[in-house]
Amino acid sequence: MNILAIESSCDETAASVVRDGRQVLSNVIASQIDIHTLYGGVVPEIASRKHIEQVDPVVMQALADAGMTWDDIDAIAVTYGPGLVGALLVGLSYAKSLAFGLGKPLIGVHHIEGHICANYIEDPTLEPPFMCLVVSGGHSHLVNVKDYCEYEILGRTRDDAAGEAFDKVARAIGLGYPGGPKIDKVSNDGDPVAIDFPRPKFSDNEYDFSFSGLKSAVLNYLNQCEMKGIPIVQADVAASFQQAVVDVLVGHSMQAVDMYKVDKLVMAGGVASNSHLRAAMEKACADRGVRFYKPSPILCTDNAAMIGAAAYYEYKKNGCSGWDLNAVPGLKLGERV
Ligand code: KG4
Ligand code: ZN
């Protein structure tokens with residue numbers, strides 16, 4: 001089954017052709033990073049307008065790169081939530097028109113399910129059940145993936161997402177947007193134990209995350225240094241902040257792996273491309289004899305191949321979506337509308 005998938009939930013306009021949920025035949029991404037960098041973060045209205053400009057050429061390129069015509073495509077998939085409502089609506093309206101015009105099924109996909117399913121592309125032998133840490137710009141979830149399309153959320157962030165914390169701290173220490181990759185790089189020259197930042201834990205749900213306190217601790221540290229005239233070592237602040245995030249993400253994941261006695265730990269989302277997190281998780285898994293899976297960086301950040309992979313399993317289990325499918329900015333994982 002050849003699925004043409006479209007992703008436009010945030011600042012990437014992407015289209016891809018994926019065969020049987022595992023084989024990527026094309027993967028086109030038009031990034032808007034340059035324009036949003038001017039404003040220090042994603043501006044929703046600009047994102048929507050850029051998606052309108054990009055969606056048609058990106059889809060046509062994905063079809064051409066796959067060496068296909070519309071006759072070869074069996075279904076159209078699209079992200080319908082969560083994300084920025086205007087951005088989602090562009091991809092969704094385009095996908096609906098395309099599917100309706102071509103007389104092909106429409107498959108609505110949950111963006112986070114897409115991130116998780118990127119792992120099915122990366123390793124075609126991976127099958128559920130497994131434990132999955134989803135860490136992106138808008139989400140941090142610890143998910144027990146019981147089967148295809150069957151998710152039990154064990155923990156989630158109570159405030160900021162992990163990627164959001166990376167972006168805010170990067171801005172505070174003068175690294176700019178997007179913060180994650182910059183902190184990752186600068187940390188190579190810093191001391192991860194230079195500053196002891198907090199690693200929050202909740203007694204009522206040990207799998208939940210919180211990153212806004214950590215971000216505030218970094219801001220307080222910077223203010224205090226300024227007041228006392230102590231020079232700030234950017235690389236040390238970055239490395240110490242990152243170490244606190246990595247410790248919490250690895251700690252929570254290993255606790256879940258131990259408690260649920262699973263033998264596979266999977267990572268997904270933009271932050272999963274962090275080199276320090278990948279190394280630390282790899283080691284923690286190896287120490288326990290747990291197999292560790294992570295998508296290559298291009299499949300961690302937003303792309304449409306992951307949407308094509310998720311769509312295949314969604315279609316097999318639940319069939320196609322109705323023509324009344326709407327954008328749902330706050331769509332929960334496992335929720336179907
Ligand atoms: O999954 P994603 O592309 O978009 C969302 O669905 O949110 O994730 C983007 C997030 C951004 O916050 C970005 O700073 C972060 O992923 N990110 C990283 C790295 N690369 C991207 N965070 C830490 N280290 C990285 N290498
Ligand atoms: Zn994403």
# chains A, B, ... in the order shown; residues from 1 in each chain; ligands from 1
$ residues_near_ligand --ligand "ligand 1" --cutoff "7 Å" --atoms "only C-alpha atoms and all ligand atoms" --output "ChimeraX atom specification"
/A:136-139,163-164,166-167,178-181,183-184,269-275,300-302
$ residues_near_ligand --ligand "ligand 2" --cutoff "12 Å" --atoms "only C-alpha atoms and all ligand atoms" --output "NGL selection string"
:A and (7-14 or 79 or 81-84 or 110-118 or 134-140 or 161 or 163-164 or 268-272 or 298-304 or 306-307)
$ select_by_dssp --residues "region 120-178 of chain A" --states "alpha helix (DSSP H)" --output "list in words"
Tyr120, Ile121, Glu122, Ala162, Gly163, Glu164, Ala165, Phe166, Asp167, Lys168, Val169, Ala170, Arg171 and Ala172 of chain A
$ closest_residue --among "A:Ser16, A:Ser296, A:Ser26, A:Ser97" --to "Asp123 (chain A)" --atoms "only C-alpha atoms"
A:Ser296
$ atom_distance --atom1 "CA of His141 (chain A)" --atom2 "CA of Ile153 (chain A)"
6.9 Å
$ select_by_dssp --residues "region 72-270 of chain A" --states "strand (DSSP E)" --output "ChimeraX atom specification"
/A:75-81,106-110,130-135,140-147,150-156,264-268
$ write_last_selection --atoms "N, CA and C atoms" --output "JSON list (two decimals), in the first residue's frame"
[["chain", "number", "residue", "atom", "x", "y", "z"],
["A", 75, "ALA", "N", -3.66, 5.90, -0.89],
["A", 75, "ALA", "CA", -4.37, 6.71, 0.11],
["A", 75, "ALA", "C", -3.58, 7.98, 0.41],
["A", 76, "ILE", "N", -4.30, 8.98, 0.94],
["A", 76, "ILE", "CA", -3.67, 10.25, 1.34],
["A", 76, "ILE", "C", -3.76, 10.35, 2.87],
["A", 77, "ALA", "N", -2.62, 10.57, 3.51],
["A", 77, "ALA", "CA", -2.60, 10.70, 4.97],
["A", 77, "ALA", "C", -2.21, 12.12, 5.34],
["A", 78, "VAL", "N", -2.69, 12.57, 6.51],
["A", 78, "VAL", "CA", -2.36, 13.93, 6.94],
["A", 78, "VAL", "C", -2.43, 14.03, 8.46],
["A", 79, "THR", "N", -1.56, 14.85, 9.02],
["A", 79, "THR", "CA", -1.61, 15.16, 10.46],
["A", 79, "THR", "C", -2.80, 16.06, 10.72],
["A", 80, "TYR", "N", -3.69, 15.68, 11.68],
["A", 80, "TYR", "CA", -4.82, 16.58, 12.00],
["A", 80, "TYR", "C", -4.76, 17.10, 13.43],
["A", 81, "GLY", "N", -3.70, 16.74, 14.18],
["A", 81, "GLY", "CA", -3.49, 17.29, 15.52],
["A", 81, "GLY", "C", -2.46, 16.45, 16.24],
["A", 106, "LEU", "N", -8.89, 8.97, 2.81],
["A", 106, "LEU", "CA", -8.18, 9.97, 3.60],
["A", 106, "LEU", "C", -7.89, 9.35, 4.97],
["A", 107, "ILE", "N", -6.65, 9.48, 5.45],
["A", 107, "ILE", "CA", -6.30, 8.92, 6.76],
["A", 107, "ILE", "C", -5.74, 10.02, 7.65],
["A", 108, "GLY", "N", -6.48, 10.39, 8.69],
["A", 108, "GLY", "CA", -6.02, 11.40, 9.65],
["A", 108, "GLY", "C", -5.07, 10.75, 10.64],
["A", 109, "VAL", "N", -3.96, 11.45, 10.91],
["A", 109, "VAL", "CA", -2.93, 10.87, 11.79],
["A", 109, "VAL", "C", -2.63, 11.81, 12.95],
["A", 110, "HIS", "N", -2.43, 11.21, 14.12],
["A", 110, "HIS", "CA", -1.99, 11.95, 15.31],
["A", 110, "HIS", "C", -0.49, 12.20, 15.19],
["A", 130, "PHE", "N", 6.51, -2.16, 23.37],
["A", 130, "PHE", "CA", 7.75, -1.50, 23.82],
["A", 130, "PHE", "C", 7.40, -0.26, 24.64],
["A", 131, "MET", "N", 8.41, 0.25, 25.35],
["A", 131, "MET", "CA", 8.25, 1.49, 26.11],
["A", 131, "MET", "C", 8.79, 2.60, 25.22],
["A", 132, "CYS", "N", 8.09, 3.74, 25.16],
["A", 132, "CYS", "CA", 8.56, 4.83, 24.28],
["A", 132, "CYS", "C", 8.62, 6.16, 25.02],
["A", 133, "LEU", "N", 9.75, 6.81, 24.91],
["A", 133, "LEU", "CA", 9.91, 8.17, 25.42],
["A", 133, "LEU", "C", 9.75, 9.13, 24.24],
["A", 134, "VAL", "N", 8.68, 9.93, 24.28],
["A", 134, "VAL", "CA", 8.45, 10.91, 23.21],
["A", 134, "VAL", "C", 8.82, 12.29, 23.73],
["A", 135, "VAL", "N", 9.85, 12.88, 23.14],
["A", 135, "VAL", "CA", 10.29, 14.20, 23.61],
["A", 135, "VAL", "C", 10.45, 15.15, 22.42],
["A", 140, "SER", "N", 6.16, 15.91, 25.98],
["A", 140, "SER", "CA", 7.06, 14.96, 26.65],
["A", 140, "SER", "C", 6.17, 13.89, 27.25],
["A", 141, "HIS", "N", 6.26, 12.69, 26.72],
["A", 141, "HIS", "CA", 5.40, 11.60, 27.16],
["A", 141, "HIS", "C", 6.22, 10.34, 27.37],
["A", 142, "LEU", "N", 5.84, 9.60, 28.39],
["A", 142, "LEU", "CA", 6.38, 8.25, 28.54],
["A", 142, "LEU", "C", 5.21, 7.31, 28.25],
["A", 143, "VAL", "N", 5.33, 6.54, 27.18],
["A", 143, "VAL", "CA", 4.19, 5.79, 26.66],
["A", 143, "VAL", "C", 4.49, 4.29, 26.62],
["A", 144, "ASN", "N", 3.56, 3.52, 27.17],
["A", 144, "ASN", "CA", 3.64, 2.07, 27.06],
["A", 144, "ASN", "C", 2.90, 1.69, 25.77],
["A", 145, "VAL", "N", 3.66, 1.33, 24.73],
["A", 145, "VAL", "CA", 3.04, 0.98, 23.44],
["A", 145, "VAL", "C", 2.73, -0.51, 23.48],
["A", 146, "LYS", "N", 1.45, -0.82, 23.71],
["A", 146, "LYS", "CA", 1.06, -2.22, 23.93],
["A", 146, "LYS", "C", 0.93, -2.98, 22.63],
["A", 147, "ASP", "N", 0.50, -2.26, 21.59],
["A", 147, "ASP", "CA", 0.32, -2.88, 20.27],
["A", 147, "ASP", "C", 0.32, -1.74, 19.25],
["A", 150, "GLU", "N", -2.05, 1.26, 19.97],
["A", 150, "GLU", "CA", -2.57, 1.08, 21.34],
["A", 150, "GLU", "C", -1.58, 1.65, 22.34],
["A", 151, "TYR", "N", -1.96, 2.77, 22.93],
["A", 151, "TYR", "CA", -1.02, 3.52, 23.76],
["A", 151, "TYR", "C", -1.56, 3.71, 25.18],
["A", 152, "GLU", "N", -0.69, 3.46, 26.16],
["A", 152, "GLU", "CA", -1.02, 3.78, 27.55],
["A", 152, "GLU", "C", -0.01, 4.85, 28.00],
["A", 153, "ILE", "N", -0.52, 6.04, 28.28],
["A", 153, "ILE", "CA", 0.39, 7.12, 28.70],
["A", 153, "ILE", "C", 0.68, 6.96, 30.19],
["A", 154, "LEU", "N", 1.95, 6.71, 30.52],
["A", 154, "LEU", "CA", 2.33, 6.54, 31.92],
["A", 154, "LEU", "C", 2.65, 7.89, 32.55],
["A", 155, "GLY", "N", 3.31, 8.76, 31.79],
["A", 155, "GLY", "CA", 3.70, 10.06, 32.34],
["A", 155, "GLY", "C", 3.71, 11.11, 31.26],
["A", 156, "ARG", "N", 3.54, 12.35, 31.67],
["A", 156, "ARG", "CA", 3.58, 13.46, 30.72],
["A", 156, "ARG", "C", 4.11, 14.68, 31.46],
["A", 264, "LYS", "N", 12.33, -3.57, 25.34],
["A", 264, "LYS", "CA", 12.66, -2.62, 24.27],
["A", 264, "LYS", "C", 12.33, -1.19, 24.72],
["A", 265, "LEU", "N", 13.29, -0.30, 24.56],
["A", 265, "LEU", "CA", 13.07, 1.12, 24.85],
["A", 265, "LEU", "C", 13.27, 1.89, 23.56],
["A", 266, "VAL", "N", 12.26, 2.69, 23.22],
["A", 266, "VAL", "CA", 12.25, 3.43, 21.95],
["A", 266, "VAL", "C", 12.20, 4.92, 22.26],
["A", 267, "MET", "N", 12.93, 5.73, 21.48],
["A", 267, "MET", "CA", 12.83, 7.19, 21.66],
["A", 267, "MET", "C", 12.24, 7.82, 20.40],
["A", 268, "ALA", "N", 11.59, 8.96, 20.57],
["A", 268, "ALA", "CA", 10.98, 9.64, 19.42],
["A", 268, "ALA", "C", 10.89, 11.13, 19.68]]
$ residues_around --residues "Val193 (chain A)" --least-positions-apart "4" --cutoff "12 Å" --atoms "only C-alpha atoms" --output "MDAnalysis selection string"
chainID A and resid 187 197:198 235:244 247
$ write_last_selection --atoms "all heavy atoms" --output "compact mmCIF listing (two decimals), in the first residue's frame"
# COMPACT_ATOMS: atom_id res chain seq x y z
N SER A 187 27.45 22.15 24.44
CA SER A 187 27.70 21.34 25.63
C SER A 187 28.94 20.47 25.52
O SER A 187 29.50 20.05 26.53
CB SER A 187 26.50 20.43 25.91
OG SER A 187 25.40 21.21 26.22
N PHE A 197 21.71 21.79 38.80
CA PHE A 197 20.34 22.20 38.53
C PHE A 197 19.37 21.10 39.00
O PHE A 197 19.75 19.92 39.07
CB PHE A 197 20.15 22.48 37.04
CG PHE A 197 20.81 23.74 36.57
CD1 PHE A 197 21.66 23.75 35.47
CD2 PHE A 197 20.60 24.95 37.25
CE1 PHE A 197 22.28 24.91 35.04
CE2 PHE A 197 21.21 26.13 36.81
CZ PHE A 197 22.06 26.11 35.71
N PRO A 198 18.10 21.48 39.33
CA PRO A 198 17.15 20.50 39.90
C PRO A 198 16.70 19.42 38.91
O PRO A 198 16.66 19.64 37.70
CB PRO A 198 15.96 21.36 40.32
CG PRO A 198 16.05 22.60 39.50
CD PRO A 198 17.51 22.83 39.22
N ALA A 235 29.03 27.48 27.96
CA ALA A 235 29.10 26.03 27.72
C ALA A 235 28.81 25.23 28.98
O ALA A 235 28.18 24.17 28.93
CB ALA A 235 30.49 25.67 27.17
N ASP A 236 29.23 25.76 30.15
CA ASP A 236 28.96 25.06 31.42
C ASP A 236 27.47 25.10 31.76
O ASP A 236 26.91 24.10 32.23
CB ASP A 236 29.77 25.69 32.57
CG ASP A 236 31.23 25.28 32.53
OD1 ASP A 236 31.58 24.41 31.70
OD2 ASP A 236 32.03 25.83 33.32
N VAL A 237 26.84 26.26 31.54
CA VAL A 237 25.40 26.38 31.82
C VAL A 237 24.64 25.42 30.89
O VAL A 237 23.76 24.66 31.33
CB VAL A 237 24.89 27.83 31.62
CG1 VAL A 237 23.40 27.92 31.91
CG2 VAL A 237 25.67 28.80 32.49
N ALA A 238 25.00 25.43 29.60
CA ALA A 238 24.33 24.55 28.63
C ALA A 238 24.51 23.09 29.01
O ALA A 238 23.54 22.31 29.05
CB ALA A 238 24.90 24.80 27.23
N ALA A 239 25.74 22.69 29.32
CA ALA A 239 26.03 21.29 29.62
C ALA A 239 25.34 20.85 30.92
O ALA A 239 24.83 19.72 31.00
CB ALA A 239 27.54 21.08 29.72
N SER A 240 25.32 21.73 31.93
CA SER A 240 24.71 21.36 33.22
C SER A 240 23.18 21.27 33.08
O SER A 240 22.55 20.38 33.65
CB SER A 240 25.07 22.38 34.29
OG SER A 240 26.47 22.44 34.46
N PHE A 241 22.60 22.21 32.33
CA PHE A 241 21.15 22.16 32.07
C PHE A 241 20.80 20.87 31.32
O PHE A 241 19.91 20.11 31.71
CB PHE A 241 20.72 23.38 31.25
CG PHE A 241 19.44 23.17 30.48
CD1 PHE A 241 18.21 23.20 31.11
CD2 PHE A 241 19.48 22.89 29.11
CE1 PHE A 241 17.04 22.97 30.40
CE2 PHE A 241 18.31 22.66 28.39
CZ PHE A 241 17.08 22.70 29.04
N GLN A 242 21.56 20.61 30.27
CA GLN A 242 21.30 19.43 29.44
C GLN A 242 21.44 18.14 30.26
O GLN A 242 20.64 17.21 30.13
CB GLN A 242 22.27 19.41 28.27
CG GLN A 242 22.07 18.24 27.33
CD GLN A 242 23.07 18.30 26.20
OE1 GLN A 242 22.74 18.63 25.09
NE2 GLN A 242 24.32 18.00 26.49
N GLN A 243 22.44 18.12 31.16
CA GLN A 243 22.64 16.92 31.98
C GLN A 243 21.44 16.67 32.89
O GLN A 243 21.02 15.53 33.09
CB GLN A 243 23.92 17.07 32.82
CG GLN A 243 24.35 15.77 33.50
CD GLN A 243 24.63 14.65 32.50
OE1 GLN A 243 25.37 14.86 31.54
NE2 GLN A 243 24.00 13.49 32.69
N ALA A 244 20.87 17.77 33.42
CA ALA A 244 19.69 17.63 34.28
C ALA A 244 18.53 17.03 33.48
O ALA A 244 17.83 16.12 33.94
CB ALA A 244 19.31 18.98 34.87
N ASP A 247 19.33 13.31 32.70
CA ASP A 247 19.19 12.46 33.89
C ASP A 247 17.72 12.13 34.15
O ASP A 247 17.37 10.98 34.44
CB ASP A 247 19.77 13.16 35.13
CG ASP A 247 21.29 13.15 35.12
OD1 ASP A 247 21.88 12.45 34.27
OD2 ASP A 247 21.90 13.85 35.96
$ closest_residue --among "A:Tyr260, A:Trp323, A:Phe211, A:Tyr312" --to "Leu92 (chain A)" --atoms "only C-alpha atoms"
A:Trp323
$ closest_residue --among "A:Ile195, A:Asn2, A:Asp20, A:Val169" --to "Leu219 (chain A)" --atoms "only C-alpha atoms"
A:Val169
$ atom_distance --atom1 "CA of Glu122 (chain A)" --atom2 "CA of Arg22 (chain A)"
8.0 Å
$ residues_around --residues "Val55 (chain A)" --least-positions-apart "4" --cutoff "9 Å" --atoms "only C-alpha atoms" --output "NGL selection string"
:A and (6 or 8 or 13-15 or 30 or 50-51 or 59-60 or 90-91 or 94)
$ residues_around --residues "Phe209 (chain A)" --least-positions-apart "2" --cutoff "10 Å" --atoms "only C-alpha atoms" --output "PyMOL selection string"
chain A and resi 140-142+155-162+199-202+205-207+211-212+245+248-249+252
$ write_last_selection --atoms "C-alpha atoms" --output "PDB file, in the first residue's frame"
ATOM      1  CA  SER A 140       7.063  14.959  26.648  1.00  0.00           C
ATOM      2  CA  HIS A 141       5.396  11.598  27.158  1.00  0.00           C
ATOM      3  CA  LEU A 142       6.376   8.254  28.542  1.00  0.00           C
ATOM      4  CA  GLY A 155       3.695  10.055  32.337  1.00  0.00           C
ATOM      5  CA  ARG A 156       3.577  13.465  30.720  1.00  0.00           C
ATOM      6  CA  THR A 157       4.964  16.907  31.383  1.00  0.00           C
ATOM      7  CA  ARG A 158       3.057  19.031  33.876  1.00  0.00           C
ATOM      8  CA  ASP A 159       4.296  22.270  32.341  1.00  0.00           C
ATOM      9  CA  ASP A 160       6.915  22.854  29.610  1.00  0.00           C
ATOM     10  CA  ALA A 161       7.948  20.167  27.129  1.00  0.00           C
ATOM     11  CA  ALA A 162      11.603  19.093  27.044  1.00  0.00           C
ATOM     12  CA  ARG A 199      15.841  17.119  38.716  1.00  0.00           C
ATOM     13  CA  PRO A 200      12.163  17.220  39.734  1.00  0.00           C
ATOM     14  CA  LYS A 201      10.164  14.124  40.643  1.00  0.00           C
ATOM     15  CA  PHE A 202       6.523  13.783  41.708  1.00  0.00           C
ATOM     16  CA  ASN A 205       3.160   9.984  39.557  1.00  0.00           C
ATOM     17  CA  GLU A 206       6.823   9.069  39.315  1.00  0.00           C
ATOM     18  CA  TYR A 207       6.653   9.068  35.481  1.00  0.00           C
ATOM     19  CA  PHE A 211      10.824  21.317  33.019  1.00  0.00           C
ATOM     20  CA  SER A 212       9.662  24.836  33.852  1.00  0.00           C
ATOM     21  CA  VAL A 245      17.252  16.991  31.395  1.00  0.00           C
ATOM     22  CA  VAL A 248      15.427  12.931  34.288  1.00  0.00           C
ATOM     23  CA  LEU A 249      14.540  11.466  30.862  1.00  0.00           C
ATOM     24  CA  HIS A 252      12.072   7.970  34.234  1.00  0.00           C
TER      25      HIS A 252
END
$ closest_residue --among "A:Leu277, A:Val246, A:Leu88, A:Val290" --to "Lys261 (chain A)" --atoms "only C-alpha atoms"
A:Val290
$ atom_distance --atom1 "CA of Gly213 (chain A)" --atom2 "CA of Lys182 (chain A)"
21.1 Å
$ closest_residue --among "A:Lys215, A:His36, A:Arg49, A:Lys104" --to "Leu4 (chain A)" --atoms "only C-alpha atoms"
A:Lys104
$ closest_residue --among "A:Tyr177, A:Ser253, A:Ala64, A:Arg288" --to "Asp34 (chain A)" --atoms "only C-alpha atoms"
A:Tyr177
